[in-house]
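For reference, data_2.cif is printed below; it contains mmCIF, C-alpha atoms.
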data_final
loop_
_atom_site.group_PDB
_atom_site.id
_atom_site.type_symbol
_atom_site.label_atom_id
_atom_site.label_comp_id
_atom_site.auth_asym_id
_atom_site.auth_seq_id
_atom_site.Cartn_x
_atom_site.Cartn_y
_atom_site.Cartn_z
ATOM 1 C CA MET A 1 -6.657 3.629 22.538
ATOM 2 C CA GLN A 2 -8.862 4.698 25.416
ATOM 3 C CA ALA A 3 -6.781 7.846 25.851
ATOM 4 C CA ALA A 4 -7.621 8.607 22.215
ATOM 5 C CA GLY A 5 -11.335 8.381 22.953
ATOM 6 C CA LEU A 6 -12.217 4.820 21.935
ATOM 7 C CA ARG A 7 -14.651 3.161 24.335
ATOM 8 C CA PRO A 8 -14.033 -0.481 25.292
ATOM 9 C CA ALA A 9 -16.802 -2.867 24.250
ATOM 10 C CA PRO A 10 -17.602 -6.508 25.028
ATOM 11 C CA ILE A 11 -15.541 -8.937 22.974
ATOM 12 C CA PRO A 12 -17.882 -10.770 20.572
ATOM 13 C CA ALA A 13 -18.255 -14.524 20.393
ATOM 14 C CA ARG A 14 -15.414 -16.412 18.759
ATOM 15 C CA LEU A 15 -15.735 -16.693 15.008
ATOM 16 C CA ARG A 16 -16.791 -20.049 13.575
ATOM 17 C CA LEU A 17 -16.948 -21.223 9.973
ATOM 18 C CA GLU A 18 -20.757 -21.312 9.988
ATOM 19 C CA ASP A 19 -20.801 -17.575 10.801
ATOM 20 C CA LEU A 20 -19.417 -16.795 7.338
ATOM 21 C CA PRO A 21 -21.585 -16.444 4.230
ATOM 22 C CA ASP A 22 -21.424 -19.305 1.741
ATOM 23 C CA GLN A 23 -18.909 -17.690 -0.608
ATOM 24 C CA SER A 24 -16.524 -16.767 2.210
ATOM 25 C CA ARG A 25 -16.886 -20.201 3.790
ATOM 26 C CA ALA A 26 -15.997 -21.870 0.487
ATOM 27 C CA ALA A 27 -12.972 -19.583 0.070
ATOM 28 C CA VAL A 28 -11.686 -20.460 3.549
ATOM 29 C CA LEU A 29 -12.067 -24.193 2.860
ATOM 30 C CA ASP A 30 -10.244 -23.794 -0.468
ATOM 31 C CA LEU A 31 -7.478 -22.010 1.404
ATOM 32 C CA TYR A 32 -7.337 -24.816 3.966
ATOM 33 C CA ARG A 33 -6.881 -27.370 1.213
ATOM 34 C CA GLY A 34 -4.320 -25.166 -0.519
ATOM 35 C CA LEU A 35 -2.254 -25.069 2.672
ATOM 36 C CA GLY A 36 -2.236 -28.863 2.734
ATOM 37 C CA GLY A 37 -5.285 -29.543 4.871
ATOM 38 C CA LEU A 38 -6.161 -33.223 5.196
ATOM 39 C CA LEU A 39 -9.689 -33.256 6.607
ATOM 40 C CA GLU A 40 -12.789 -33.235 4.432
ATOM 41 C CA TYR A 41 -14.803 -31.482 7.140
ATOM 42 C CA PRO A 42 -12.334 -29.604 9.354
ATOM 43 C CA VAL A 43 -13.496 -28.053 12.618
ATOM 44 C CA LEU A 44 -11.983 -24.571 12.519
ATOM 45 C CA ARG A 45 -11.779 -22.732 15.834
ATOM 46 C CA PRO A 46 -9.947 -19.396 15.787
ATOM 47 C CA GLY A 47 -9.189 -17.864 19.151
ATOM 48 C CA SER A 48 -10.911 -14.871 20.650
ATOM 49 C CA TRP A 49 -10.752 -11.436 19.087
ATOM 50 C CA ASP A 50 -7.914 -9.448 20.679
ATOM 51 C CA LEU A 51 -9.493 -6.079 21.462
ATOM 52 C CA ALA A 52 -12.979 -4.633 21.117
ATOM 53 C CA TYR A 53 -13.966 -0.980 21.063
ATOM 54 C CA ALA A 54 -17.251 0.663 20.166
ATOM 55 C CA GLY A 55 -17.538 0.209 16.415
ATOM 56 C CA VAL A 56 -14.312 -1.686 15.747
ATOM 57 C CA LEU A 57 -12.415 -4.852 16.605
ATOM 58 C CA VAL A 58 -8.616 -4.627 16.718
ATOM 59 C CA GLU A 59 -6.281 -7.543 16.150
ATOM 60 C CA LEU A 60 -2.733 -6.987 17.430
ATOM 61 C CA ASP A 61 -0.431 -9.297 15.490
ATOM 62 C CA GLU A 62 2.878 -10.385 16.987
ATOM 63 C CA ASP A 63 5.903 -12.033 15.364
ATOM 64 C CA MET A 64 4.273 -15.460 15.027
ATOM 65 C CA HIS A 65 1.750 -14.137 12.503
ATOM 66 C CA PHE A 66 4.235 -13.364 9.724
ATOM 67 C CA ASN A 67 5.537 -16.109 7.444
ATOM 68 C CA ARG A 68 5.038 -17.646 3.990
ATOM 69 C CA TYR A 69 1.685 -19.203 4.879
ATOM 70 C CA ARG A 70 0.229 -15.923 6.090
ATOM 71 C CA ALA A 71 1.483 -14.268 2.912
ATOM 72 C CA ALA A 72 -0.372 -16.898 0.871
ATOM 73 C CA THR A 73 -3.646 -16.142 2.659
ATOM 74 C CA LEU A 74 -3.287 -12.472 1.766
ATOM 75 C CA GLU A 75 -3.257 -13.290 -1.956
ATOM 76 C CA THR A 76 -6.843 -14.573 -1.870
ATOM 77 C CA PRO A 77 -9.510 -12.423 -3.559
ATOM 78 C CA PHE A 78 -11.295 -11.663 -0.292
ATOM 79 C CA ALA A 79 -8.083 -10.514 1.434
ATOM 80 C CA SER A 80 -6.077 -8.820 -1.302
ATOM 81 C CA SER A 81 -7.798 -5.442 -0.958
ATOM 82 C CA LEU A 82 -7.887 -5.283 2.848
ATOM 83 C CA PRO A 83 -6.074 -2.178 4.159
ATOM 84 C CA TRP A 84 -3.384 -4.207 5.928
ATOM 85 C CA ALA A 85 -2.748 -6.712 3.121
ATOM 86 C CA THR A 86 0.153 -4.973 1.360
ATOM 87 C CA ASP A 87 2.111 -4.194 4.536
ATOM 88 C CA TYR A 88 1.429 -7.631 5.973
ATOM 89 C CA ARG A 89 2.737 -9.376 2.867
ATOM 90 C CA GLU A 90 5.952 -7.373 3.214
ATOM 91 C CA PHE A 91 6.238 -8.179 6.920
ATOM 92 C CA ALA A 92 5.713 -11.871 6.165
ATOM 93 C CA ALA A 93 8.621 -11.811 3.713
ATOM 94 C CA MET A 94 10.909 -9.761 5.960
ATOM 95 C CA HIS A 95 10.288 -11.297 9.367
ATOM 96 C CA GLU A 96 9.606 -15.012 8.860
ATOM 97 C CA ARG A 97 12.603 -16.019 10.998
ATOM 98 C CA ARG A 98 10.874 -14.390 13.959
ATOM 99 C CA SER A 99 7.849 -16.694 13.620
ATOM 100 C CA GLY A 100 9.850 -19.128 15.717
ATOM 101 C CA THR A 101 9.945 -22.829 16.438
ATOM 102 C CA GLY A 102 10.098 -22.875 20.231
ATOM 103 C CA GLY A 103 7.420 -24.481 22.373
ATOM 104 C CA ARG A 104 4.367 -25.098 20.225
ATOM 105 C CA ARG A 105 5.112 -22.391 17.700
ATOM 106 C CA TRP A 106 6.108 -24.853 14.939
ATOM 107 C CA THR A 107 3.560 -27.608 15.561
ATOM 108 C CA ASN A 108 1.113 -29.091 18.034
ATOM 109 C CA PRO A 109 -1.343 -32.019 18.043
ATOM 110 C CA SER A 110 -4.314 -29.906 16.950
ATOM 111 C CA ALA A 111 -2.409 -28.473 13.974
ATOM 112 C CA GLU A 112 -1.107 -31.897 12.960
ATOM 113 C CA ARG A 113 -4.626 -33.320 12.929
ATOM 114 C CA MET A 114 -5.493 -30.614 10.426
ATOM 115 C CA PHE A 115 -2.321 -30.631 8.307
ATOM 116 C CA GLY A 116 -0.341 -33.778 9.049
ATOM 117 C CA PRO A 117 3.038 -34.276 10.769
ATOM 118 C CA ALA A 118 5.587 -31.491 10.842
ATOM 119 C CA ASP A 119 8.894 -31.289 9.028
ATOM 120 C CA PRO A 120 12.050 -30.654 11.083
ATOM 121 C CA HIS A 121 12.405 -27.031 12.159
ATOM 122 C CA TRP A 122 12.981 -24.618 9.267
ATOM 123 C CA MET A 123 12.328 -27.287 6.638
ATOM 124 C CA PHE A 124 9.556 -26.518 4.136
ATOM 125 C CA GLU A 125 10.013 -29.028 1.315
ATOM 126 C CA GLY A 126 7.336 -31.348 2.699
ATOM 127 C CA ASN A 127 4.707 -30.498 5.291
ATOM 128 C CA GLY A 128 6.516 -27.558 6.820
ATOM 129 C CA ALA A 129 5.094 -26.065 10.008
ATOM 130 C CA PRO A 130 1.523 -27.190 10.800
ATOM 131 C CA ARG A 131 1.051 -24.607 13.555
ATOM 132 C CA TRP A 132 2.157 -21.797 11.268
ATOM 133 C CA LYS A 133 -0.421 -22.990 8.742
ATOM 134 C CA GLN A 134 -3.159 -23.225 11.367
ATOM 135 C CA ARG A 135 -2.489 -19.718 12.663
ATOM 136 C CA ALA A 136 -2.442 -18.289 9.128
ATOM 137 C CA LEU A 137 -5.742 -20.000 8.332
ATOM 138 C CA TYR A 138 -7.386 -18.645 11.471
ATOM 139 C CA ASP A 139 -6.146 -15.129 10.660
ATOM 140 C CA ALA A 140 -7.602 -15.582 7.183
ATOM 141 C CA MET A 141 -10.985 -16.546 8.640
ATOM 142 C CA LYS A 142 -11.080 -13.259 10.539
ATOM 143 C CA ASP A 143 -10.039 -11.449 7.357
ATOM 144 C CA ALA A 144 -12.906 -13.170 5.549
ATOM 145 C CA ALA A 145 -15.362 -12.009 8.219
ATOM 146 C CA ALA A 146 -14.149 -8.440 7.756
ATOM 147 C CA SER A 147 -14.310 -8.661 3.978
ATOM 148 C CA ALA A 148 -17.890 -9.977 4.172
ATOM 149 C CA GLY A 149 -18.945 -7.161 6.496
ATOM 150 C CA ILE A 150 -19.613 -9.377 9.508
ATOM 151 C CA VAL A 151 -17.191 -7.346 11.609
ATOM 152 C CA ARG A 152 -15.505 -3.979 11.318
ATOM 153 C CA LEU A 153 -11.871 -4.963 11.743
ATOM 154 C CA SER A 154 -8.518 -3.224 12.054
ATOM 155 C CA ARG A 155 -5.169 -5.017 12.184
ATOM 156 C CA ILE A 156 -1.988 -3.618 13.728
ATOM 157 C CA SER A 157 1.380 -5.361 13.754
ATOM 158 C CA VAL A 158 4.357 -5.111 16.071
ATOM 159 C CA HIS A 159 6.288 -4.327 12.862
ATOM 160 C CA ASP A 160 4.220 -1.253 11.985
ATOM 161 C CA ARG A 161 5.657 2.227 12.432
ATOM 162 C CA ILE A 162 3.559 5.202 13.481
ATOM 163 C CA ASP A 163 5.351 8.544 13.219
ATOM 164 C CA ARG A 164 8.554 6.487 12.784
ATOM 165 C CA VAL A 165 8.005 4.722 16.126
ATOM 166 C CA LEU A 166 7.908 0.935 15.971
ATOM 167 C CA VAL A 167 4.728 -0.398 17.545
ATOM 168 C CA GLU A 168 6.748 -3.084 19.329
ATOM 169 C CA ASP A 169 8.876 -0.374 20.973
ATOM 170 C CA HIS A 170 5.732 1.415 22.097
ATOM 171 C CA LEU A 171 4.316 -1.781 23.613
ATOM 172 C CA ARG A 172 7.570 -2.502 25.455
ATOM 173 C CA GLY A 173 7.824 1.035 26.821
ATOM 174 C CA ARG A 174 10.922 1.927 24.817
ATOM 175 C CA ALA A 175 9.184 4.721 22.917
ATOM 176 C CA SER A 176 5.837 6.459 22.862
ATOM 177 C CA ILE A 177 3.146 7.008 20.239
ATOM 178 C CA ALA A 178 0.684 9.840 20.761
ATOM 179 C CA PRO A 179 -2.842 8.493 21.362
ATOM 180 C CA ASP A 180 -4.391 10.560 18.577
ATOM 181 C CA ARG A 181 -1.804 9.289 16.083
ATOM 182 C CA LEU A 182 -2.438 5.714 17.158
ATOM 183 C CA ARG A 183 -6.173 6.167 16.693
ATOM 184 C CA ALA A 184 -5.660 7.697 13.258
ATOM 185 C CA PHE A 185 -3.557 4.685 12.271
ATOM 186 C CA VAL A 186 -6.200 2.253 13.527
ATOM 187 C CA GLU A 187 -8.819 4.091 11.490
ATOM 188 C CA ARG A 188 -6.683 3.905 8.345
ATOM 189 C CA ARG A 189 -6.263 0.171 8.903
ATOM 190 C CA THR A 190 -9.991 -0.446 9.400
ATOM 191 C CA HIS A 191 -11.785 -2.264 6.617
ATOM 192 C CA GLN A 192 -15.000 -0.579 5.508
ATOM 193 C CA ALA A 193 -17.231 -3.249 4.025
ATOM 194 C CA GLU A 194 -19.366 -2.127 1.095
ATOM 195 C CA VAL A 195 -22.327 -4.312 2.001
ATOM 196 C CA PRO A 196 -22.508 -4.905 5.775
ATOM 197 C CA ARG A 197 -24.232 -8.109 6.831
ATOM 198 C CA THR A 198 -26.322 -8.063 9.986
ATOM 199 C CA GLY A 199 -27.313 -10.677 12.509
ATOM 200 C CA ALA A 200 -23.969 -12.481 12.783
ATOM 201 C CA PRO A 201 -22.717 -13.247 16.292
ATOM 202 C CA ALA A 202 -19.267 -11.702 15.804
ATOM 203 C CA THR A 203 -20.075 -8.012 15.449
ATOM 204 C CA ALA A 204 -18.390 -4.895 16.718
ATOM 205 C CA SER A 205 -21.313 -2.558 16.324
#

Entire entry expressed as C-alpha cells:
Amino acid sequence: MQAAGLRPAPIPARLRLEDLPDQSRAAVLDLYRGLGGLLEYPVLRPGSWDLAYAGVLVELDEDMHFNRYRAATLETPFASSLPWATDYREFAAMHERRSGTGGRRWTNPSAERMFGPADPHWMFEGNGAPRWKQRALYDAMKDAAASAGIVRLSRISVHDRIDRVLVEDHLRGRASIAPDRLRAFVERRTHQAEVPRTGAPATAS
C-alpha cells in the first residue's frame, strides 16, 4: 500500500456503540438480538481497526470472518449496498468451513456472556458458535460506521483476487500483486458515504 503511494496514518480510537448515530445504533442492537443476543444492554467492544492510511481505513479479513452469521449481517439495510457486501456474502457461503473451531475460534467466555453457551463444534441447530456471532456483530458495527459516514472504510479479504492473484497468496509470498493494482482495488472497495458525519472519534480523515 505504501509502495502505491498511500501514507500511513494514526489508527483511530476503537469504535464503540455510542459513536454511532441513533439509527445505526438501533440497527446494530436489532442485529445483536437477531443473532440470539441475551443481554438487554450489551457492552460491545470491537477490536482495533486493522490499517490506517491518509483518508481511508482498511480492514483485512481472514478466514474467521466468513460464515453464516457474517452473511446475515450483510443483509441489513445499512450493509447491503456496501461495495464489499456481494463478494463477502459469496465468500461466507463458500468458505464457512475455514472459519474454524480451534482455540477460541468457536466460543469464549466473553462471547458466551453475550450469546449463551455454545453448541458442539459444527452444530447450528441451537446456539451455534457464540464467537462466530460476536465477530460478525463487531464487523457489522464497523460496517455501520462506514455506512453512516463516520469512517471512510475499505474491506479486503484473503479470498479476493486481484488480477487473478489470490490475496492470501500475495500475503504469504506465493505470488505478487502490483502495488498500483492493489491500490485500485482498495479504492473500488471503499465506501463513499453520501452524508459524512463529523466529530466522531473513529475517523480516517

Tell me which of A:Ala9, A:Ala184, A:Leu153, A:Ala175 sits closest to Leu82 (chain A), counting only C-alpha atoms.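 Distance minimum relative to Leu82 (chain A) lands on A:Leu153.
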
Any chance you could work out the residue set of the PyMOL selection byres ((chain A and resi 159) around 9) here, as a list of chain:residue names? A:Asp61, A:Glu62, A:Asp63, A:Phe91, A:His95, A:Ile156, A:Ser157, A:Val158, A:Asp160, A:Arg161, A:Leu166, A:Val167, A:Glu168

Considering only C-alpha atoms, state which residue in the set A:Ser81, A:Thr101, A:Thr73, A:Ser110 is at the smallest distance from Leu35 (chain A).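 Checking each of A:Ser81, A:Thr101, A:Thr73, A:Ser110 against Leu35 (chain A), counting only C-alpha atoms, the winner is A:Thr73.
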
Selection: 12 Å around Asn108 (chain A), all atoms listed in the file, excl. self and same-chain fewer than 4 positions, as number ranges by chain: A: 101-104, 112-118, 129-135

Take CA of Glu187 (chain A) and CA of Asp22 (chain A) and report the distance between them in Å, one decimal.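 Here the two named atoms are 28.3 Å from each other.
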
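Restricting the calculation to all atoms listed in the file, the smallest distance between Asp30 (chain A) and any of A:Met141, A:Val165, A:Phe185, A:Leu6 is found for A:Met141.
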
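You will find CA of Trp49 (chain A) at 6.7 Å from CA of Ile11 (chain A).
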
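Distances here use all atoms listed in the file; by that measure, the residue among A:Leu182, A:Gly100, A:Ala26, A:Ala136 closest to His170 (chain A) is A:Leu182.
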
Quick one: distance from CA of Leu20 (chain A) to CA of Ala145 (chain A) in Å, one decimal?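 CA of Ala145 (chain A) lies 6.3 Å from CA of Leu20 (chain A).
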
Pick from A:Pro83, A:Pro77, A:Pro8, A:Gly36 nearest to Gly55 (chain A), counting only C-alpha atoms: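 Of all the options, A:Pro8 lies closest to Gly55 (chain A).
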
I need the residue set behind the PyMOL selection byres ((chain A and resi 42) around 10) for this file; please write it as a PyMOL selection string. chain A and resi 17+29+32+37-41+43-45+113-114

I need the residues from that last selection saved to file as a compact mmCIF listing (two decimals), in the frame of the given file (with C-alpha atoms), if you can.
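part.txt, freshly written:
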# COMPACT_ATOMS: atom_id res chain seq x y z
CA LEU A 17 -16.95 -21.22 9.97
CA LEU A 29 -12.07 -24.19 2.86
CA TYR A 32 -7.34 -24.82 3.97
CA GLY A 37 -5.28 -29.54 4.87
CA LEU A 38 -6.16 -33.22 5.20
CA LEU A 39 -9.69 -33.26 6.61
CA GLU A 40 -12.79 -33.24 4.43
CA TYR A 41 -14.80 -31.48 7.14
CA VAL A 43 -13.50 -28.05 12.62
CA LEU A 44 -11.98 -24.57 12.52
CA ARG A 45 -11.78 -22.73 15.83
CA ARG A 113 -4.63 -33.32 12.93
CA MET A 114 -5.49 -30.61 10.43

For the provided coordinates, the residues matched by the PyMOL selection byres ((chain A and resi 191) around 12) should be stated as number ranges by chain. A: 55-58, 78-85, 142-155, 186-190, 192-196

Which residue, A:Ala71, A:Pro109, A:Tyr53, A:Ala140, has the smallest gap to Gly5 (chain A) when you use only C-alpha atoms?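 When distances to Gly5 (chain A) are compared using only C-alpha atoms, the smallest one comes from A:Tyr53.
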
Kindly extract all protein, DNA and RNA residues lying within 12 Å of the coordinates (10.1, -13.8, 3.6) given in the file, considering only C-alpha atoms, and supply them as number ranges by chain. A: 66-72, 88-99

Quick one: what's the axis-aligned box for region 14-25 of chain A, all listed atoms, 8 Å on every side, centre and edges in Å to one decimal, as AutoDock Vina command-line options?
--center_x -18.5 --center_y -18.9 --center_z 9.1 --size_x 22.2 --size_y 20.9 --size_z 35.4

Excluding Ala178 (chain A) and any residue of its chain fewer than 3 positions from it, enumerate the residues within 9 Å of it, using all atoms listed in the file, and give them as a ChimeraX atom specification. /A:4,163,181-183
